[in-house]
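Data block for entry09.csv (CSV, C-alpha atoms and all ligand atoms):
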chain,number,residue,atom,x,y,z
A,1,MET,CA,3.9,9.4,14.7
A,2,ASN,CA,5.5,8.6,11.4
A,3,LYS,CA,3.8,5.5,10.0
A,4,GLU,CA,6.1,5.5,7.0
A,5,LYS,CA,9.3,5.3,9.0
A,6,SER,CA,12.0,3.1,7.6
A,7,SER,CA,12.8,-0.1,9.4
A,8,PHE,CA,15.6,-2.6,9.5
A,9,TYR,CA,13.1,-5.3,8.7
A,10,LYS,CA,11.9,-3.4,5.5
A,11,GLU,CA,15.5,-3.6,4.1
A,12,HIS,CA,17.5,-6.4,5.7
A,13,PRO,CA,15.3,-9.3,4.4
A,14,ARG,CA,16.0,-8.3,0.8
A,15,THR,CA,19.7,-9.1,1.5
A,16,CYS,CA,18.9,-12.7,2.4
A,17,SER,CA,18.1,-15.6,0.1
A,18,PRO,CA,14.3,-15.8,-0.7
A,19,ASP,CA,14.0,-19.1,1.2
A,20,ASP,CA,16.2,-18.1,4.2
A,21,PHE,CA,13.1,-17.6,6.3
A,22,TRP,CA,14.8,-17.4,9.7
A,23,GLY,CA,17.7,-15.3,8.4
A,24,GLN,CA,15.1,-12.7,7.1
A,25,VAL,CA,13.7,-12.2,10.6
A,26,LYS,CA,17.2,-12.4,12.2
A,27,ARG,CA,16.4,-15.7,14.1
A,28,THR,CA,20.1,-16.5,13.9
A,29,VAL,CA,23.0,-17.4,16.1
A,30,ASN,CA,26.4,-16.2,14.8
A,31,GLY,CA,24.8,-15.5,11.5
A,32,ALA,CA,23.3,-19.0,11.0
A,33,PRO,CA,19.6,-19.8,11.2
A,34,VAL,CA,18.6,-21.3,14.6
A,35,SER,CA,18.0,-25.1,14.7
A,36,GLN,CA,14.6,-26.7,14.4
A,37,ASP,CA,14.5,-27.6,18.1
A,38,GLN,CA,14.7,-23.8,18.9
A,39,ILE,CA,11.8,-23.2,16.6
A,40,ASP,CA,9.9,-26.1,18.2
A,41,MET,CA,10.5,-24.5,21.7
A,42,ILE,CA,9.0,-21.2,20.5
A,43,VAL,CA,5.9,-22.9,19.0
A,44,ASP,CA,5.4,-25.0,22.1
A,45,ALA,CA,5.7,-21.9,24.3
A,46,VAL,CA,3.2,-19.8,22.3
A,47,VAL,CA,0.7,-22.7,21.9
A,48,ALA,CA,0.8,-23.5,25.7
A,49,GLY,CA,0.8,-19.8,26.7
A,50,LEU,CA,-2.2,-19.0,24.5
A,51,GLU,CA,-3.9,-22.3,25.3
A,52,LEU,CA,-4.3,-22.4,21.5
A,53,SER,CA,-6.9,-24.9,20.2
A,54,PRO,CA,-8.7,-25.8,17.0
A,55,LYS,CA,-11.6,-23.4,18.0
A,56,ASP,CA,-9.3,-20.4,18.0
A,57,THR,CA,-8.6,-17.8,15.3
A,58,LEU,CA,-5.2,-16.2,15.8
A,59,LEU,CA,-4.1,-12.6,15.0
A,60,ASP,CA,-0.3,-12.5,14.5
A,61,LEU,CA,0.9,-8.9,14.8
A,62,CYS,CA,4.3,-8.2,13.3
A,63,CYS,CA,4.1,-11.6,11.6
A,64,GLY,CA,7.2,-11.0,9.5
A,65,ASN,CA,7.4,-13.5,6.6
A,66,GLY,CA,4.8,-15.9,8.0
A,67,ALA,CA,7.2,-18.7,8.7
A,68,LEU,CA,6.4,-18.7,12.4
A,69,SER,CA,2.7,-17.8,11.9
A,70,SER,CA,2.1,-20.8,9.7
A,71,LEU,CA,3.4,-23.1,12.4
A,72,LEU,CA,1.1,-21.5,14.9
A,73,PHE,CA,-1.9,-21.5,12.5
A,74,LYS,CA,-1.6,-25.3,12.4
A,75,HIS,CA,-2.7,-25.4,16.0
A,76,CYS,CA,-5.9,-23.5,15.5
A,77,LYS,CA,-8.6,-22.6,12.9
A,78,GLY,CA,-6.1,-20.3,11.2
A,79,GLY,CA,-5.8,-16.5,11.3
A,80,VAL,CA,-4.3,-13.4,9.9
A,81,GLY,CA,-0.8,-12.0,10.0
A,82,VAL,CA,-0.1,-8.3,9.8
A,83,ASP,CA,3.3,-6.7,9.1
A,84,PHE,CA,4.5,-3.4,7.6
A,85,SER,CA,7.4,-4.9,5.6
A,86,GLU,CA,6.3,-5.1,2.0
A,87,TYR,CA,9.0,-7.7,1.2
A,88,LEU,CA,8.3,-10.0,4.2
A,89,ILE,CA,4.5,-9.9,3.5
A,90,SER,CA,5.3,-10.8,-0.2
A,91,VAL,CA,7.4,-13.8,1.1
A,92,ALA,CA,4.4,-14.8,3.4
A,93,ASN,CA,2.0,-14.5,0.5
A,94,THR,CA,4.2,-16.6,-1.8
A,95,ASN,CA,5.1,-19.3,0.7
A,96,PHE,CA,2.7,-19.5,3.5
A,97,ALA,CA,-0.8,-18.0,2.7
A,98,VAL,CA,-3.6,-20.5,2.6
A,99,PRO,CA,-6.6,-18.4,1.8
A,100,PRO,CA,-9.2,-17.9,3.1
A,101,ASP,CA,-8.1,-19.4,6.5
A,102,GLN,CA,-4.5,-18.1,6.6
A,103,THR,CA,-3.9,-14.7,5.2
A,104,TYR,CA,-1.3,-11.9,5.4
A,105,ILE,CA,-1.9,-8.1,5.4
A,106,LEU,CA,0.6,-5.4,4.7
A,107,GLN,CA,0.0,-2.7,7.3
A,108,ASP,CA,1.4,-1.0,10.4
A,109,VAL,CA,0.0,-3.0,13.4
A,110,VAL,CA,-1.1,0.0,15.3
A,111,GLU,CA,-3.0,1.3,12.3
A,112,PHE,CA,-4.5,-2.1,11.8
A,113,CYS,CA,-5.7,-2.3,15.4
A,114,LYS,CA,-7.3,1.1,15.2
A,115,ASN,CA,-9.6,-0.1,12.5
A,116,PRO,CA,-9.4,-3.9,12.4
A,117,VAL,CA,-10.9,-6.2,9.7
A,118,THR,CA,-13.3,-8.7,11.3
A,119,PRO,CA,-12.1,-8.0,14.9
A,120,HIS,CA,-14.8,-10.3,16.4
A,121,LYS,CA,-13.3,-13.4,14.9
A,122,PHE,CA,-10.0,-13.2,16.8
A,123,SER,CA,-9.8,-15.1,20.1
A,124,LYS,CA,-6.0,-15.2,20.5
A,125,MET,CA,-3.2,-12.8,19.6
A,126,VAL,CA,0.6,-13.2,19.3
A,127,CYS,CA,3.3,-10.7,18.8
A,128,TYR,CA,6.6,-12.5,18.7
A,129,GLY,CA,10.0,-10.8,18.8
A,130,SER,CA,8.6,-7.5,17.6
A,131,PHE,CA,6.9,-5.5,20.4
A,132,PRO,CA,10.3,-3.8,21.4
A,133,PHE,CA,10.5,-2.2,17.9
A,134,ILE,CA,7.2,-0.3,18.4
A,135,GLU,CA,7.7,3.3,19.8
A,136,HIS,CA,6.7,3.8,23.4
A,137,GLU,CA,3.5,5.8,22.9
A,138,ARG,CA,2.3,3.5,20.1
A,139,ALA,CA,3.1,0.4,22.0
A,140,GLU,CA,1.0,1.7,24.9
A,141,SER,CA,-1.9,2.6,22.5
A,142,LEU,CA,-1.6,-0.9,21.0
A,143,LEU,CA,-2.3,-2.5,24.4
A,144,GLY,CA,-5.3,-0.3,24.8
A,145,LEU,CA,-6.6,-1.0,21.3
A,146,LEU,CA,-6.3,-4.8,21.8
A,147,LYS,CA,-8.6,-4.5,24.8
A,148,SER,CA,-11.1,-2.1,23.3
A,149,ASN,CA,-11.4,-3.2,19.7
A,150,PHE,CA,-11.1,-7.0,19.9
A,151,PRO,CA,-14.1,-8.0,22.2
A,152,ASN,CA,-13.4,-11.8,21.9
A,153,LEU,CA,-9.7,-11.7,22.5
A,154,GLU,CA,-9.1,-14.0,25.5
A,155,ARG,CA,-5.3,-14.2,25.6
A,156,VAL,CA,-2.3,-12.3,24.1
A,157,PHE,CA,1.3,-13.6,23.9
A,158,ILE,CA,4.0,-11.0,23.6
A,159,GLY,CA,7.1,-13.1,23.1
A,160,ASN,CA,10.9,-12.6,23.3
A,161,CYS,CA,11.0,-9.3,25.2
A,162,PRO,CA,14.5,-8.1,26.3
A,163,ASP,CA,14.7,-7.8,30.1
A,164,LYS,CA,16.2,-4.4,31.2
A,165,GLU,CA,17.3,-6.0,34.5
A,166,LEU,CA,19.6,-8.3,32.5
A,167,MET,CA,20.9,-5.7,30.0
A,168,ALA,CA,24.3,-5.1,31.7
A,169,GLU,CA,24.8,-8.8,31.9
A,170,PHE,CA,23.9,-9.3,28.2
A,171,TYR,CA,26.4,-6.6,27.1
A,172,GLY,CA,29.1,-7.6,29.5
A,173,ASP,CA,32.3,-5.9,28.4
A,174,ARG,CA,30.8,-4.7,25.1
A,175,HIS,CA,30.0,-1.0,24.9
A,176,PHE,CA,26.5,0.2,24.5
A,177,GLU,CA,25.3,3.8,24.2
A,178,PRO,CA,23.3,5.0,27.2
A,179,GLY,CA,19.7,5.4,25.9
A,180,THR,CA,19.9,2.3,23.7
A,181,GLU,CA,17.4,0.6,26.0
A,182,ASN,CA,14.8,3.2,25.1
A,183,ASP,CA,15.4,3.2,21.3
A,184,PRO,CA,12.9,1.2,19.3
A,185,ASP,CA,15.2,1.5,16.2
A,186,SER,CA,18.2,-0.1,18.0
A,187,PRO,CA,18.9,-3.7,17.0
A,188,ILE,CA,17.1,-5.2,20.1
A,189,GLY,CA,14.6,-2.4,20.5
A,190,ILE,CA,13.2,-1.1,23.8
A,191,TRP,CA,14.3,-3.0,26.9
A,192,ARG,CA,11.7,-3.2,29.8
A,193,THR,CA,11.9,-4.8,33.2
A,194,GLN,CA,9.2,-7.4,33.8
A,195,GLU,CA,7.7,-5.0,36.4
A,196,GLU,CA,7.6,-2.2,33.8
A,197,PHE,CA,5.9,-4.4,31.3
A,198,ALA,CA,3.4,-5.6,33.9
A,199,SER,CA,2.5,-2.1,35.0
A,200,LEU,CA,2.1,-0.9,31.4
A,201,ALA,CA,-0.3,-3.7,30.6
A,202,ASN,CA,-2.1,-3.4,34.0
A,203,ARG,CA,-3.0,0.2,33.1
A,204,PHE,CA,-5.2,-1.1,30.3
A,205,GLY,CA,-6.8,-3.7,32.6
A,206,TRP,CA,-4.9,-6.8,31.4
A,207,GLN,CA,-3.9,-9.5,33.8
A,208,VAL,CA,-0.2,-10.3,33.3
A,209,ALA,CA,1.8,-13.5,33.6
A,210,ILE,CA,5.5,-13.6,32.8
A,211,HIS,CA,6.9,-16.7,31.2
A,212,LYS,CA,10.6,-17.8,30.9
A,213,MET,CA,11.8,-20.1,28.1
A,214,PRO,CA,13.7,-23.3,29.0
A,215,SER,CA,17.4,-22.6,29.6
A,216,GLN,CA,18.3,-24.4,26.3
A,217,TYR,CA,16.5,-21.7,24.4
A,218,TYR,CA,19.2,-19.5,22.8
A,219,ALA,CA,17.9,-16.2,24.2
A,220,ALA,CA,16.6,-17.4,27.5
A,221,HIS,CA,19.4,-15.6,29.4
A,222,TYR,CA,18.0,-12.2,28.6
A,223,ARG,CA,14.5,-12.5,27.4
A,224,TYR,CA,11.0,-13.2,28.7
A,225,ASP,CA,7.5,-13.6,27.4
A,226,VAL,CA,4.4,-11.8,28.5
A,227,ILE,CA,1.0,-13.5,28.6
A,228,LEU,CA,-2.0,-11.2,28.9
A,229,SER,CA,-5.5,-12.3,29.8
A,230,ARG,CA,-8.7,-10.4,30.5
B,301,LIG,C1,12.2,-9.9,14.4
B,301,LIG,S1,10.9,-9.8,13.2
B,301,LIG,C2,9.8,-11.0,13.9
B,301,LIG,C3,8.8,-11.5,12.9
B,301,LIG,C4,7.9,-12.7,13.4
B,301,LIG,N1,7.1,-12.3,14.4
B,301,LIG,C5,8.8,-13.8,13.9
B,301,LIG,O1,8.9,-14.0,15.1
B,301,LIG,O2,9.3,-14.6,13.0
B,301,LIG,C6,10.2,-8.2,13.7
B,301,LIG,C7,9.0,-7.8,12.7
B,301,LIG,O3,8.3,-6.7,13.2
B,301,LIG,C8,7.8,-6.0,12.1
B,301,LIG,N2,7.4,-4.7,12.6
B,301,LIG,C9,8.0,-3.8,13.5
B,301,LIG,N3,7.3,-2.8,13.8
B,301,LIG,C10,6.1,-2.9,13.1
B,301,LIG,C11,4.9,-2.1,13.0
B,301,LIG,N4,4.8,-1.0,13.6
B,301,LIG,N5,3.9,-2.6,12.2
B,301,LIG,C12,4.0,-3.8,11.5
B,301,LIG,N6,5.1,-4.5,11.6
B,301,LIG,C13,6.1,-4.1,12.4
B,301,LIG,C14,9.0,-6.0,11.2
B,301,LIG,O4,8.6,-5.6,9.9
B,301,LIG,C15,9.4,-7.4,11.3
B,301,LIG,O5,8.8,-8.3,10.4

Would you mind writing the file out in structure tokens?
Amino acid sequence: MNKEKSSFYKEHPRTCSPDDFWGQVKRTVNGAPVSQDQIDMIVDAVVAGLELSPKDTLLDLCCGNGALSSLLFKHCKGGVGVDFSEYLISVANTNFAVPPDQTYILQDVVEFCKNPVTPHKFSKMVCYGSFPFIEHERAESLLGLLKSNFPNLERVFIGNCPDKELMAEFYGDRHFEPGTENDPDSPIGIWRTQEEFASLANRFGWQVAIHKMPSQYYAAHYRYDVILSR
């Protein structure tokens, strides 16, 4: 696979203001950053889903600019964020890094997980709003690597996954190219049904629970979260 592939998130954030943290990761509605109560709902869901506590160290895969990571790190001992966007990691390092407890690494997440730094220290992992952008085979291999290379990982939260069952409803009258649902480079990435996701994760021995956000969450009508445990 081409590790150096270009990505929307390597270029788009540079077009936003340096402090438009939610705009940089497209956490927007009609072009405007979502409100604080939407962010609070995300943090609450991840903290509850992971049972995050002060004894945990969190690995945030595809952490973007660290704006969300830093809110999650407050609920535990700290952790590491990994992302392959040079610009977003520079924003994270400028605004959110608190070394040595909260640090950010520029790397492709699958490559990181093949040869992780201090894998034993991570007890929880989050990948929010990003898993659909990872190519099929690499996403599969990531689920296996998390199981084999992180012996103390108890729970994994894969958040904001687009539900293929709800794709037609989401698009309504708007046209979409057939095949969009399988394209990691499309604006929403790969759509999976809850059953498809569960059987993918089951193959690597993960227990799977599906979580739905409260209906007030702006993307609740077409997205779900996946919580993996051993
Ligand atoms: C929508 S943003 C979400 C960022 C952050 N998790 C959040 O929720 O605020 C998607 C992120 O995934 C990152 N990403 C996508 N594929 C990646 C890969 N293979 N390795 C590392 N980062 C990746 C992008 O650079 C981008 O920062």

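If you count only C-alpha atoms and ignore residues fewer than 5 places along the chain from region 153-162 of chain A, what sits within 6 Å of it is A:Leu50, A:Phe122, A:Ser123, A:Lys124, A:Met125, A:Val126, A:Cys127, A:Tyr128, A:Gly129, A:Trp191, A:Tyr222, A:Arg223, A:Tyr224, A:Asp225, A:Val226, A:Ile227, A:Leu228, A:Ser229.
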
**Message:** Residues contacting ligand LIG 301 (chain B) - anything with an atom at most 8 Å away, using all atoms listed in the file - can you give me those as a ChimeraX atom specification?
**Reply:** /A:3,7-10,22,24-27,60-69,82-85,88,106-111,127-131,133-134

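Look at Glu196 (chain A): the protein and nucleic acid residues within 12 Å of it, using all atoms listed in the file and passing over chain neighbours fewer than 5 places away, are A:Glu140, A:Cys161, A:Pro162, A:Asp163, A:Lys164, A:Glu165, A:Ile190, A:Trp191, A:Ala201, A:Asn202, A:Arg203, A:Val208, A:Ile210, A:Val226.
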
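The interatomic distance for the pair CA of Ile188 (chain A) and CA of Leu143 (chain A) works out to 20.1 Å.
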
**Prompt:** Residues at most 7 Å from region 98-102 of chain A, counting only C-alpha atoms, excluding those fewer than 4 positions away in the same chain, as a PyMOL selection string?
**Reply:** chain A and resi 78-80

With C-alpha atoms retained, write the just-selected residues as a short mmCIF file (atom, residue, chain, number, x, y, z; two decimals), keeping the file's coordinate frame.
data_model
loop_
_atom_site.label_atom_id
_atom_site.label_comp_id
_atom_site.auth_asym_id
_atom_site.auth_seq_id
_atom_site.Cartn_x
_atom_site.Cartn_y
_atom_site.Cartn_z
CA GLY A 78 -6.10 -20.30 11.20
CA GLY A 79 -5.80 -16.50 11.30
CA VAL A 80 -4.30 -13.40 9.90
#

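Note that the spacing between CA of Arg14 (chain A) and CA of Thr28 (chain A) amounts to 16.0 Å.
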